>>> print(open('run_19.txt').read())   # compact mmCIF, C-alpha atoms
# COMPACT_ATOMS: atom_id res chain seq x y z
CA MET A 643 -2.89 2.24 9.37
CA HIS A 644 -3.43 -1.51 9.32
CA ILE A 645 -6.54 -2.16 11.40
CA PRO A 646 -6.07 -5.16 13.74
CA ASP A 647 -8.69 -7.77 14.68
CA GLY A 648 -11.05 -6.52 17.37
CA PHE A 649 -11.51 -2.95 16.08
CA LEU A 650 -14.29 -3.67 13.57
CA ASP A 651 -17.68 -5.16 14.40
CA VAL A 652 -19.23 -7.94 12.33
CA LYS A 653 -21.45 -5.76 10.13
CA THR A 654 -18.53 -3.50 9.30
CA TRP A 655 -16.01 -6.20 8.48
CA VAL A 656 -18.52 -8.19 6.45
CA SER A 657 -19.52 -5.08 4.46
CA THR A 658 -15.93 -4.05 3.81
CA TYR A 659 -15.04 -7.60 2.74
CA ALA A 660 -17.92 -7.47 0.24
CA LEU A 661 -16.90 -4.04 -1.08
CA SER A 662 -13.26 -5.08 -1.42
CA ALA A 663 -14.16 -8.37 -3.11
CA GLY A 664 -16.21 -6.44 -5.66
CA ALA A 665 -13.41 -3.92 -6.29
CA LEU A 666 -10.82 -6.68 -6.58
CA GLY A 667 -12.97 -8.66 -8.98
CA TYR A 668 -13.42 -5.59 -11.16
CA SER A 669 -9.68 -4.78 -11.03
CA ILE A 670 -8.80 -8.33 -12.06
CA LYS A 671 -11.21 -8.05 -14.98
CA LYS A 672 -9.66 -4.75 -16.12
CA SER A 673 -6.06 -5.86 -15.50
CA ARG A 674 -6.65 -9.02 -17.51
CA GLU A 675 -7.03 -6.83 -20.61
CA VAL A 676 -3.61 -5.22 -20.26
CA LEU A 677 -1.37 -7.65 -18.36
CA ASN A 678 1.26 -9.10 -20.67
CA ASP A 679 4.70 -10.60 -20.27
CA ARG A 680 6.32 -7.18 -20.09
CA LEU A 681 3.95 -5.84 -17.44
CA ILE A 682 3.70 -8.93 -15.18
CA PRO A 683 7.21 -8.71 -13.66
CA LYS A 684 6.70 -4.98 -13.07
CA LEU A 685 3.73 -5.71 -10.84
CA GLY A 686 5.85 -8.17 -8.87
CA ILE A 687 8.70 -5.71 -8.46
CA ILE A 688 6.55 -2.74 -7.45
CA ALA A 689 4.65 -4.93 -4.95
CA ALA A 690 7.99 -6.12 -3.53
CA PHE A 691 9.28 -2.55 -3.32
CA ILE A 692 6.14 -1.37 -1.53
CA PHE A 693 6.35 -4.26 0.94
CA ALA A 694 9.96 -3.34 1.72
CA ALA A 695 9.25 0.39 1.98
CA GLN A 696 6.28 -0.21 4.30
CA MET A 697 8.67 -1.73 6.84
CA VAL A 698 10.59 1.51 7.16
CA ASN A 699 8.58 3.64 9.58
CA PHE A 700 9.66 7.26 9.62
CA PRO A 701 9.18 9.42 12.71
CA ILE A 702 6.63 12.24 12.67
CA ALA A 703 5.69 14.64 15.48
CA GLY A 704 4.73 13.49 18.96
CA GLY A 705 6.30 10.04 19.31
CA THR A 706 4.38 8.74 16.32
CA SER A 707 5.61 7.13 13.12
CA GLY A 708 4.27 6.57 9.66
CA HIS A 709 5.26 4.50 6.69
CA LEU A 710 4.69 4.48 2.98
CA LEU A 711 1.27 3.26 1.84
CA GLY A 712 2.26 2.98 -1.82
CA ALA A 713 -1.20 3.33 -3.37
CA ALA A 714 -0.17 6.44 -5.30
CA LEU A 715 3.20 4.93 -6.26
CA ALA A 716 1.60 1.79 -7.72
CA THR A 717 -1.25 3.70 -9.36
CA ILE A 718 0.89 6.36 -11.02
CA LEU A 719 3.38 3.79 -12.33
CA LEU A 720 1.01 0.99 -13.38
CA GLY A 721 -2.53 2.38 -13.41
CA PRO A 722 -5.39 2.10 -10.90
CA PHE A 723 -6.44 -1.51 -11.55
CA ASN A 724 -2.94 -2.94 -11.31
CA GLY A 725 -2.44 -0.58 -8.35
CA CYS A 726 -5.41 -2.10 -6.56
CA LEU A 727 -4.08 -5.62 -7.16
CA ILE A 728 -0.60 -4.65 -5.94
CA ILE A 729 -1.70 -3.00 -2.68
CA SER A 730 -4.19 -5.82 -1.98
CA THR A 731 -1.47 -8.43 -2.47
CA VAL A 732 0.88 -6.60 -0.12
CA LEU A 733 -1.87 -6.33 2.52
CA ILE A 734 -2.80 -10.02 2.23
CA ILE A 735 0.83 -11.09 2.69
CA GLN A 736 1.31 -8.71 5.63
CA CYS A 737 -1.83 -10.06 7.28
CA ILE A 738 -1.16 -13.76 6.79
CA ALA A 739 2.62 -13.99 7.06
CA PHE A 740 3.48 -11.06 9.35
CA GLN A 741 0.42 -10.52 11.56
CA ASP A 742 0.18 -6.91 10.40
CA GLY A 743 -3.51 -6.05 10.14
CA GLY A 744 -6.21 -8.44 11.32
CA LEU A 745 -7.79 -11.18 9.22
CA THR A 746 -11.29 -9.88 10.01
CA ALA A 747 -10.05 -6.36 9.19
CA LEU A 748 -8.42 -7.41 5.91
CA GLY A 749 -11.48 -6.40 3.88
CA GLY A 750 -11.45 -3.01 5.59
CA ASN A 751 -7.72 -2.55 5.13
CA ILE A 752 -7.98 -3.46 1.44
CA PHE A 753 -10.93 -1.12 1.05
CA ASN A 754 -9.15 1.80 2.75
CA MET A 755 -5.75 1.48 1.13
CA ALA A 756 -6.17 -0.51 -2.11
CA VAL A 757 -9.55 0.95 -3.10
CA VAL A 758 -10.02 4.39 -1.49
CA GLY A 759 -6.27 5.12 -1.56
CA VAL A 760 -5.91 4.04 -5.18
CA ILE A 761 -9.04 5.85 -6.44
CA THR A 762 -7.99 9.05 -4.65
CA ALA A 763 -4.46 8.89 -6.03
CA TYR A 764 -5.78 8.17 -9.53
CA LEU A 765 -8.32 11.00 -9.57
CA ILE A 766 -6.00 13.64 -8.11
CA TYR A 767 -3.05 12.59 -10.27
CA SER A 768 -5.08 12.41 -13.50
CA LEU A 769 -6.52 15.86 -12.84
CA LEU A 770 -3.36 17.64 -11.67
CA SER A 771 -0.94 16.10 -14.15
CA LYS A 772 -3.06 17.59 -16.92
CA ILE A 773 -3.19 21.04 -15.33
CA LEU A 774 0.36 21.40 -13.99
CA PRO A 775 3.04 21.72 -16.66
CA GLY A 776 6.60 20.39 -16.78
CA SER A 777 8.50 18.08 -14.49
CA THR A 778 7.97 20.33 -11.47
CA GLY A 779 4.25 20.26 -12.12
CA ARG A 780 4.42 16.49 -12.43
CA ASN A 781 6.22 16.21 -9.10
CA ILE A 782 3.62 18.42 -7.44
CA ALA A 783 0.86 16.24 -8.90
CA VAL A 784 2.60 13.10 -7.59
CA PHE A 785 3.09 14.68 -4.15
CA LEU A 786 -0.51 15.85 -3.78
CA ALA A 787 -1.98 12.59 -5.10
CA SER A 788 0.14 10.66 -2.58
CA TRP A 789 -0.74 12.98 0.28
CA ALA A 790 -4.47 12.84 -0.47
CA SER A 791 -4.46 9.03 -0.83
CA VAL A 792 -3.19 8.65 2.75
CA VAL A 793 -5.61 11.21 4.19
CA MET A 794 -8.61 9.64 2.42
CA ALA A 795 -7.58 6.11 3.45
CA ALA A 796 -7.38 7.34 7.05
CA PHE A 797 -10.79 8.94 6.67
CA ALA A 798 -12.25 5.64 5.45
CA ALA A 799 -10.66 3.83 8.42
CA THR A 800 -12.21 6.43 10.73
CA VAL A 801 -15.68 5.79 9.30
CA GLU A 802 -15.24 2.03 9.84
CA LEU A 803 -14.06 2.49 13.44
CA ALA A 804 -17.03 4.78 14.10
CA THR A 805 -19.66 2.49 12.54
CA SER A 806 -18.16 -0.34 14.62
CA ASN A 807 -18.74 1.80 17.76
CA THR A 808 -15.06 1.38 18.57
CA VAL A 809 -14.61 5.14 18.92
CA PRO A 810 -17.02 8.04 18.28
CA PHE A 811 -16.56 9.66 14.86
CA SER A 812 -16.17 13.14 16.39
CA VAL A 813 -13.30 11.87 18.57
CA ALA A 814 -11.50 9.79 15.93
CA PHE A 815 -11.92 12.12 12.95
CA PRO A 816 -9.65 15.04 13.99
CA ALA A 817 -7.03 12.68 15.44
CA MET A 818 -6.87 10.24 12.52
CA VAL A 819 -7.06 12.81 9.75
CA GLY A 820 -4.71 15.19 11.59
CA ILE A 821 -1.97 12.59 12.07
CA HIS A 822 -2.32 11.27 8.54
CA MET A 823 -2.07 14.78 7.09
CA LEU A 824 1.46 14.70 8.56
CA ILE A 825 2.20 11.11 7.50
CA GLY A 826 0.94 12.06 4.02
CA ILE A 827 3.81 14.55 3.69
CA GLY A 828 6.25 11.65 4.10
CA GLU A 829 4.20 9.61 1.62
CA GLY A 830 4.37 12.46 -0.90
CA LEU A 831 8.12 13.00 -0.55
CA ILE A 832 8.97 9.28 -0.77
CA THR A 833 6.68 8.75 -3.75
CA VAL A 834 8.20 11.67 -5.67
CA VAL A 835 11.73 10.37 -5.02
CA VAL A 836 10.87 6.76 -5.91
CA ILE A 837 8.99 7.65 -9.08
CA ASN A 838 11.88 9.79 -10.29
CA PHE A 839 14.36 6.99 -9.48
CA VAL A 840 12.24 4.33 -11.14
CA GLU A 841 11.87 6.39 -14.31
CA LYS A 842 15.54 7.32 -14.34
CA VAL A 843 16.61 3.67 -14.41
CA GLY A 844 14.18 3.07 -17.27
CA PHE A 845 11.63 0.93 -15.42
CA VAL A 846 8.82 2.62 -17.28
CA ASP A 847 9.34 2.38 -21.03
CA ALA A 848 9.11 6.13 -21.67
CA GLY A 849 8.17 9.20 -19.67
CA PRO A 850 4.71 9.75 -21.16
CA ALA A 851 3.92 6.05 -20.76
CA VAL A 852 2.93 6.78 -17.19
CA LYS A 853 0.18 9.09 -18.25
CA SER A 854 -1.01 6.92 -21.09
CA ASN A 855 -0.93 3.95 -18.75
CA CYS A 856 -3.74 5.50 -16.74
CA GLU A 857 -5.60 6.61 -19.83
CA VAL A 858 -5.39 3.26 -21.56
CA LYS A 859 -7.00 1.69 -18.55
CA THR A 860 -9.85 4.15 -18.23
CA ASN A 861 -10.73 3.60 -21.86
CA GLY A 862 -9.96 -0.05 -21.59
CA MET B 1162 15.28 -6.87 -17.67
CA GLY B 1163 18.32 -4.99 -16.37
CA ASN B 1164 16.20 -1.95 -15.64
CA LEU B 1165 13.67 -3.98 -13.73
CA ALA B 1166 16.43 -5.68 -11.77
CA LYS B 1167 17.69 -2.30 -10.51
CA VAL B 1168 14.33 -1.56 -8.90
CA PHE B 1169 14.14 -5.07 -7.45
CA ILE B 1170 17.63 -4.70 -5.98
CA ALA B 1171 16.60 -1.33 -4.52
CA ALA B 1172 13.64 -3.07 -2.84
CA LEU B 1173 15.93 -5.73 -1.35
CA ILE B 1174 18.36 -3.07 -0.10
CA VAL B 1175 15.52 -1.18 1.57
CA ALA B 1176 14.26 -4.41 3.16
CA ALA B 1177 17.67 -5.59 4.33
CA CYS B 1178 19.44 -2.38 5.26
CA LEU B 1179 16.83 0.28 6.08
CA SER B 1180 14.21 -1.80 7.90
CA PRO B 1181 16.31 -2.20 11.09
CA PHE B 1182 16.40 1.62 11.34
CA ALA B 1183 12.62 2.00 11.20
CA SER B 1184 11.11 4.25 13.86
CA PRO B 1185 9.88 2.11 16.78
CA HIS B 1186 7.10 4.60 17.59
CA PRO B 1187 3.47 3.57 17.11
CA ASP B 1188 2.00 4.42 13.71
CA GLY B 1189 -0.87 6.88 13.17
CA LEU B 1190 -3.69 4.44 13.91
CA GLU B 1191 -1.93 2.91 16.94
CA ARG B 1192 -1.26 6.39 18.30
CA VAL B 1193 -4.92 7.39 17.97
CA ALA B 1194 -6.04 4.05 19.49
CA GLU B 1195 -3.74 4.66 22.45
CA ASP B 1196 -4.72 8.30 22.92
CA LYS B 1197 -8.46 7.70 22.55
CA GLY B 1198 -8.47 4.58 24.70
CA PHE B 1199 -9.49 1.83 22.29
CA LEU B 1200 -6.13 0.11 21.81
CA GLU B 1201 -7.09 -2.70 24.22
CA LYS B 1202 -10.05 -3.66 22.00
CA GLY B 1203 -7.54 -5.26 19.66
CA GLU B 1204 -5.42 -6.99 22.30
CA GLY B 1205 -5.45 -10.77 22.13
CA LYS B 1206 -8.06 -10.71 19.36
CA GLU B 1207 -5.81 -12.08 16.62
CA VAL B 1208 -7.70 -14.64 14.58
CA ILE B 1209 -4.61 -16.32 13.11
CA THR B 1210 -0.99 -16.77 14.17
CA SER B 1211 1.52 -15.75 11.53
CA PRO B 1212 4.83 -17.48 10.85
CA ILE B 1213 6.81 -14.21 11.09
CA PRO B 1214 4.90 -12.03 13.58
CA ASP B 1215 5.87 -8.36 13.93
CA TYR B 1216 8.46 -8.56 11.13
CA LEU B 1217 10.93 -10.49 13.28
CA PHE B 1218 12.26 -13.69 11.74
CA PRO B 1219 11.93 -16.40 14.41
CA GLY B 1220 15.03 -17.97 15.88
CA ILE B 1221 17.34 -14.98 15.32
CA GLY B 1222 18.40 -13.39 18.60
CA ASN B 1223 19.69 -10.12 17.18
CA GLU B 1224 16.68 -7.91 16.55
CA SER B 1225 18.22 -5.99 13.65
CA LEU B 1226 19.19 -9.20 11.87
CA ALA B 1227 15.76 -10.72 12.55
CA THR B 1228 14.13 -7.62 11.03
CA SER B 1229 16.44 -7.68 7.99
CA ALA B 1230 15.76 -11.37 7.44
CA ALA B 1231 12.00 -10.84 7.73
CA GLY B 1232 12.30 -7.94 5.28
CA VAL B 1233 14.20 -9.93 2.67
CA VAL B 1234 11.92 -12.97 3.00
CA GLY B 1235 8.83 -10.76 2.79
CA THR B 1236 10.12 -8.87 -0.24
CA LEU B 1237 10.90 -12.11 -2.11
CA LEU B 1238 7.57 -13.60 -1.04
CA THR B 1239 5.66 -10.52 -2.19
CA PHE B 1240 7.43 -10.58 -5.55
CA GLY B 1241 6.68 -14.28 -5.99
CA VAL B 1242 3.03 -14.06 -5.01
CA MET B 1243 2.36 -10.92 -7.08
CA TYR B 1244 4.20 -12.35 -10.08
CA GLY B 1245 2.21 -15.58 -9.85
CA LEU B 1246 -1.09 -13.78 -9.46
CA ALA B 1247 -0.37 -11.36 -12.30
CA LYS B 1248 0.68 -14.30 -14.49
CA ALA B 1249 -2.59 -16.08 -13.71
CA VAL B 1250 -4.67 -12.95 -14.33
CA GLY B 1251 -2.84 -12.07 -17.54
CA LYS B 1252 -2.77 -15.61 -18.91
CA LYS B 1253 -4.77 -14.70 -21.98
CA ASN B 1254 -2.27 -12.06 -23.17
CA SER B 1255 0.89 -13.92 -22.17
CA GLN B 1256 0.55 -16.44 -24.95
CA THR B 1257 0.41 -13.84 -27.69
CA GLY B 1258 2.76 -11.53 -25.86
>>> encode(input="run_19.txt", output="structure tokens")
Amino acid sequence: MHIPDGFLDVKTWVSTYALSAGALGYSIKKSREVLNDRLIPKLGIIAAFIFAAQMVNFPIAGGTSGHLLGAALATILLGPFNGCLIISTVLIIQCIAFQDGGLTALGGNIFNMAVVGVITAYLIYSLLSKILPGSTGRNIAVFLASWASVVMAAFAATVELATSNTVPFSVAFPAMVGIHMLIGIGEGLITVVVINFVEKVGFVDAGPAVKSNCEVKTNG
Amino acid sequence: MGNLAKVFIAALIVAACLSPFASPHPDGLERVAEDKGFLEKGEGKEVITSPIPDYLFPGIGNESLATSAAGVVGTLLTFGVMYGLAKAVGKKNSQTG
């Protein structure tokens, strides 16, 4: 859902740039407290993985495709502040090097995916992983956090398109949210598979580290 | 480091081998823009020109190979940039480890 140049008016892209700059500044401040030599390469590798996975569009109904967003993947593995930095970095590279997402829309794209997507994934995952027991419960929490992150990012994009008078909210809302409720299923399935793979190969130091990762950062 | 390398290799495999099989259909936003008639608002509005537009590495005739090459270059670039940024942000802790 990378918004191109031309879809957002000046007031919308300036506001989203400001919001994203604030969120990024705060994430950098929080990440600074935890980033060490063991964690730094992990950010690079997860960012690289998300870039690669975003290239692989999967078909959904009606001649439409979707691809991984990765906000939930990065957030569940490395916490919300590192997650925000990872998704923002991927979006900046896609915009500058690959013409995917407009430069004027970069603030909006970061806000939708690296801020709204990450916060949604973090809140849903933190809540559900405490309630749902066992590895099945964990997988359900990962799936739902991933699904919701895509739907909420699409909702944020819809609001920006509407405030830009690009498309009326009532027209865009059912279409955008509807399609992304389907794409979110793909997001959820891929994220569950990748998180299980990544933990199986020992990328995360120990199973519970994932949970404490998030907790450390909220206290942090 | 071996464990990290496995995930990095998985990323490179996805970029090199799966990206050419990506669905060519428009994504969710493009589909809505097309259906609701605002797709043309973005046409020709690009503010910058990118070195590897549309994930096709320039100068490679075969589209699958061009996509694979763009994927591998992008994956390495993303790793490098993120690593560098994280290193800069985490400078304080890196010294003491």
>>> closest_atom_pairs(input="run_19.txt", of="chain B", to="chain A", cutoff="6 Å", atoms="all atoms listed in the file", output="Markdown table")
| residue | atom | partner | partner_atom | distance |
| --- | --- | --- | --- | --- |
| B:Asn1164 | CA | A:Phe845 | CA | 5.4 |
| B:Leu1165 | CA | A:Phe845 | CA | 5.6 |
| B:Phe1169 | CA | A:Ile687 | CA | 5.6 |
| B:Ala1172 | CA | A:Phe691 | CA | 4.4 |
| B:Val1175 | CA | A:Ala694 | CA | 6.0 |
| B:Ala1176 | CA | A:Ala694 | CA | 4.7 |
| B:Ser1180 | CA | A:Val698 | CA | 5.0 |
| B:Ala1183 | CA | A:Val698 | CA | 4.5 |
| B:Ser1184 | CA | A:Asn699 | CA | 5.0 |
| B:His1186 | CA | A:Thr706 | CA | 5.1 |
| B:Pro1187 | CA | A:Thr706 | CA | 5.3 |
| B:Asp1188 | CA | A:Ser707 | CA | 4.6 |
| B:Gly1189 | CA | A:Ile821 | CA | 5.9 |
| B:Leu1190 | CA | A:Met643 | CA | 5.1 |
| B:Lys1202 | CA | A:Gly648 | CA | 5.5 |
| B:Gly1203 | CA | A:Gly648 | CA | 4.4 |
| B:Lys1206 | CA | A:Gly648 | CA | 5.5 |
| B:Glu1207 | CA | A:Asp647 | CA | 5.5 |
| B:Ser1211 | CA | A:Ala739 | CA | 4.9 |
| B:Pro1212 | CA | A:Ala739 | CA | 5.6 |
| B:Ile1213 | CA | A:Phe740 | CA | 4.9 |
| B:Pro1214 | CA | A:Phe740 | CA | 4.6 |
| B:Asp1215 | CA | A:Phe740 | CA | 5.8 |
| B:Tyr1216 | CA | A:Phe740 | CA | 5.8 |
| B:Thr1236 | CA | A:Ala690 | CA | 4.8 |
| B:Thr1239 | CA | A:Ala690 | CA | 5.2 |
| B:Phe1240 | CA | A:Gly686 | CA | 4.4 |
| B:Met1243 | CA | A:Gly686 | CA | 4.8 |
| B:Tyr1244 | CA | A:Gly686 | CA | 4.7 |
| B:Ala1247 | CA | A:Ile682 | CA | 5.5 |
| B:Val1250 | CA | A:Arg674 | CA | 5.4 |
| B:Gly1251 | CA | A:Leu677 | CA | 4.7 |
| B:Asn1254 | CA | A:Asn678 | CA | 5.2 |
| B:Ser1255 | CA | A:Asn678 | CA | 5.1 |
| B:Gly1258 | CA | A:Asn678 | CA | 5.9 |
>>> atom_distance(input="run_19.txt", atom1="CA of Thr654 in chain A", atom2="CA of Phe797 in chain A")
14.9 Å
>>> residues_around(input="run_19.txt", residues="range 1227-1229 of chain B", least_positions_apart="5", cutoff="9 Å", atoms="all atoms listed in the file", output="JSON, numbers by chain")
{"B": [1176, 1177, 1178, 1179, 1180, 1181, 1215, 1216, 1217, 1218, 1219, 1220, 1221, 1222, 1234]}
>>> atom_distance(input="run_19.txt", atom1="CA of Glu1195 in chain B", atom2="CA of Asn754 in chain A")
20.6 Å
>>> closest_residue(input="run_19.txt", among="B:Ile1170, B:Val1208, B:Leu1200, B:Val1193", to="Val1233 in chain B", atoms="all atoms listed in the file")
B:Ile1170
>>> axis_aligned_box(input="run_19.txt", around="range 814-824 of chain A", padding_each_side="4 Å", output="lines of an AutoDock Vina configuration file")
center_x = -5.2
center_y = 12.5
center_z = 11.5
size_x = 21.4
size_y = 13.4
size_z = 16.8
>>> atom_distance(input="run_19.txt", atom1="CA of Ser669 in chain A", atom2="CA of Gly725 in chain A")
8.8 Å
>>> build_atoms(input="run_19.txt", residues="range 680-701 of chain A", atoms="N, CA, C and O atoms", output="PDB file, in the frame of the given file")
ATOM      1  N   ARG A 680       5.458  -8.310 -20.469  1.00  0.00           N
ATOM      2  CA  ARG A 680       6.320  -7.180 -20.090  1.00  0.00           C
ATOM      3  C   ARG A 680       5.860  -6.540 -18.788  1.00  0.00           C
ATOM      4  O   ARG A 680       6.652  -6.037 -17.998  1.00  0.00           O
ATOM      5  N   LEU A 681       4.536  -6.530 -18.584  1.00  0.00           N
ATOM      6  CA  LEU A 681       3.950  -5.840 -17.440  1.00  0.00           C
ATOM      7  C   LEU A 681       3.971  -6.708 -16.172  1.00  0.00           C
ATOM      8  O   LEU A 681       4.141  -6.191 -15.057  1.00  0.00           O
ATOM      9  N   ILE A 682       3.839  -8.023 -16.335  1.00  0.00           N
ATOM     10  CA  ILE A 682       3.700  -8.930 -15.180  1.00  0.00           C
ATOM     11  C   ILE A 682       4.858  -8.809 -14.181  1.00  0.00           C
ATOM     12  O   ILE A 682       4.619  -8.634 -12.991  1.00  0.00           O
ATOM     13  N   PRO A 683       6.131  -8.859 -14.652  1.00  0.00           N
ATOM     14  CA  PRO A 683       7.210  -8.710 -13.660  1.00  0.00           C
ATOM     15  C   PRO A 683       7.229  -7.341 -12.986  1.00  0.00           C
ATOM     16  O   PRO A 683       7.649  -7.227 -11.833  1.00  0.00           O
ATOM     17  N   LYS A 684       6.739  -6.312 -13.677  1.00  0.00           N
ATOM     18  CA  LYS A 684       6.700  -4.980 -13.070  1.00  0.00           C
ATOM     19  C   LYS A 684       5.766  -4.946 -11.872  1.00  0.00           C
ATOM     20  O   LYS A 684       6.048  -4.297 -10.872  1.00  0.00           O
ATOM     21  N   LEU A 685       4.636  -5.644 -11.976  1.00  0.00           N
ATOM     22  CA  LEU A 685       3.730  -5.710 -10.840  1.00  0.00           C
ATOM     23  C   LEU A 685       4.419  -6.374  -9.647  1.00  0.00           C
ATOM     24  O   LEU A 685       4.312  -5.911  -8.512  1.00  0.00           O
ATOM     25  N   GLY A 686       5.142  -7.474  -9.934  1.00  0.00           N
ATOM     26  CA  GLY A 686       5.850  -8.170  -8.870  1.00  0.00           C
ATOM     27  C   GLY A 686       6.882  -7.284  -8.201  1.00  0.00           C
ATOM     28  O   GLY A 686       6.990  -7.247  -6.970  1.00  0.00           O
ATOM     29  N   ILE A 687       7.619  -6.540  -9.011  1.00  0.00           N
ATOM     30  CA  ILE A 687       8.700  -5.710  -8.460  1.00  0.00           C
ATOM     31  C   ILE A 687       8.153  -4.522  -7.680  1.00  0.00           C
ATOM     32  O   ILE A 687       8.646  -4.212  -6.590  1.00  0.00           O
ATOM     33  N   ILE A 688       7.116  -3.877  -8.189  1.00  0.00           N
ATOM     34  CA  ILE A 688       6.550  -2.740  -7.450  1.00  0.00           C
ATOM     35  C   ILE A 688       5.898  -3.222  -6.150  1.00  0.00           C
ATOM     36  O   ILE A 688       6.028  -2.583  -5.102  1.00  0.00           O
ATOM     37  N   ALA A 689       5.229  -4.366  -6.185  1.00  0.00           N
ATOM     38  CA  ALA A 689       4.650  -4.930  -4.950  1.00  0.00           C
ATOM     39  C   ALA A 689       5.763  -5.212  -3.943  1.00  0.00           C
ATOM     40  O   ALA A 689       5.649  -4.869  -2.760  1.00  0.00           O
ATOM     41  N   ALA A 690       6.856  -5.809  -4.415  1.00  0.00           N
ATOM     42  CA  ALA A 690       7.990  -6.120  -3.530  1.00  0.00           C
ATOM     43  C   ALA A 690       8.582  -4.842  -2.952  1.00  0.00           C
ATOM     44  O   ALA A 690       8.891  -4.768  -1.755  1.00  0.00           O
ATOM     45  N   PHE A 691       8.720  -3.825  -3.798  1.00  0.00           N
ATOM     46  CA  PHE A 691       9.280  -2.550  -3.320  1.00  0.00           C
ATOM     47  C   PHE A 691       8.377  -1.946  -2.254  1.00  0.00           C
ATOM     48  O   PHE A 691       8.852  -1.449  -1.219  1.00  0.00           O
ATOM     49  N   ILE A 692       7.065  -1.964  -2.490  1.00  0.00           N
ATOM     50  CA  ILE A 692       6.140  -1.370  -1.530  1.00  0.00           C
ATOM     51  C   ILE A 692       6.159  -2.147  -0.207  1.00  0.00           C
ATOM     52  O   ILE A 692       6.166  -1.555   0.874  1.00  0.00           O
ATOM     53  N   PHE A 693       6.233  -3.477  -0.292  1.00  0.00           N
ATOM     54  CA  PHE A 693       6.350  -4.260   0.940  1.00  0.00           C
ATOM     55  C   PHE A 693       7.580  -3.817   1.737  1.00  0.00           C
ATOM     56  O   PHE A 693       7.506  -3.562   2.940  1.00  0.00           O
ATOM     57  N   ALA A 694       8.709  -3.716   1.052  1.00  0.00           N
ATOM     58  CA  ALA A 694       9.960  -3.340   1.720  1.00  0.00           C
ATOM     59  C   ALA A 694       9.851  -1.941   2.321  1.00  0.00           C
ATOM     60  O   ALA A 694      10.201  -1.707   3.488  1.00  0.00           O
ATOM     61  N   ALA A 695       9.333  -1.004   1.525  1.00  0.00           N
ATOM     62  CA  ALA A 695       9.250   0.390   1.980  1.00  0.00           C
ATOM     63  C   ALA A 695       8.279   0.533   3.150  1.00  0.00           C
ATOM     64  O   ALA A 695       8.471   1.382   4.023  1.00  0.00           O
ATOM     65  N   GLN A 696       7.239  -0.302   3.186  1.00  0.00           N
ATOM     66  CA  GLN A 696       6.280  -0.210   4.300  1.00  0.00           C
ATOM     67  C   GLN A 696       6.897  -0.610   5.626  1.00  0.00           C
ATOM     68  O   GLN A 696       6.366  -0.298   6.685  1.00  0.00           O
ATOM     69  N   MET A 697       8.017  -1.329   5.582  1.00  0.00           N
ATOM     70  CA  MET A 697       8.670  -1.730   6.840  1.00  0.00           C
ATOM     71  C   MET A 697       9.429  -0.573   7.479  1.00  0.00           C
ATOM     72  O   MET A 697       9.779  -0.631   8.652  1.00  0.00           O
ATOM     73  N   VAL A 698       9.727   0.444   6.670  1.00  0.00           N
ATOM     74  CA  VAL A 698      10.590   1.510   7.160  1.00  0.00           C
ATOM     75  C   VAL A 698       9.740   2.672   7.696  1.00  0.00           C
ATOM     76  O   VAL A 698       9.426   3.620   6.988  1.00  0.00           O
ATOM     77  N   ASN A 699       9.342   2.552   8.957  1.00  0.00           N
ATOM     78  CA  ASN A 699       8.580   3.640   9.580  1.00  0.00           C
ATOM     79  C   ASN A 699       9.464   4.854   9.757  1.00  0.00           C
ATOM     80  O   ASN A 699      10.611   4.739  10.183  1.00  0.00           O
ATOM     81  N   PHE A 700       8.914   6.019   9.410  1.00  0.00           N
ATOM     82  CA  PHE A 700       9.660   7.260   9.620  1.00  0.00           C
ATOM     83  C   PHE A 700       8.982   8.028  10.755  1.00  0.00           C
ATOM     84  O   PHE A 700       7.763   7.972  10.920  1.00  0.00           O
ATOM     85  N   PRO A 701       9.780   8.719  11.573  1.00  0.00           N
ATOM     86  CA  PRO A 701       9.180   9.420  12.710  1.00  0.00           C
ATOM     87  C   PRO A 701       8.441  10.684  12.256  1.00  0.00           C
ATOM     88  O   PRO A 701       8.898  11.383  11.354  1.00  0.00           O
TER      89      PRO A 701
END
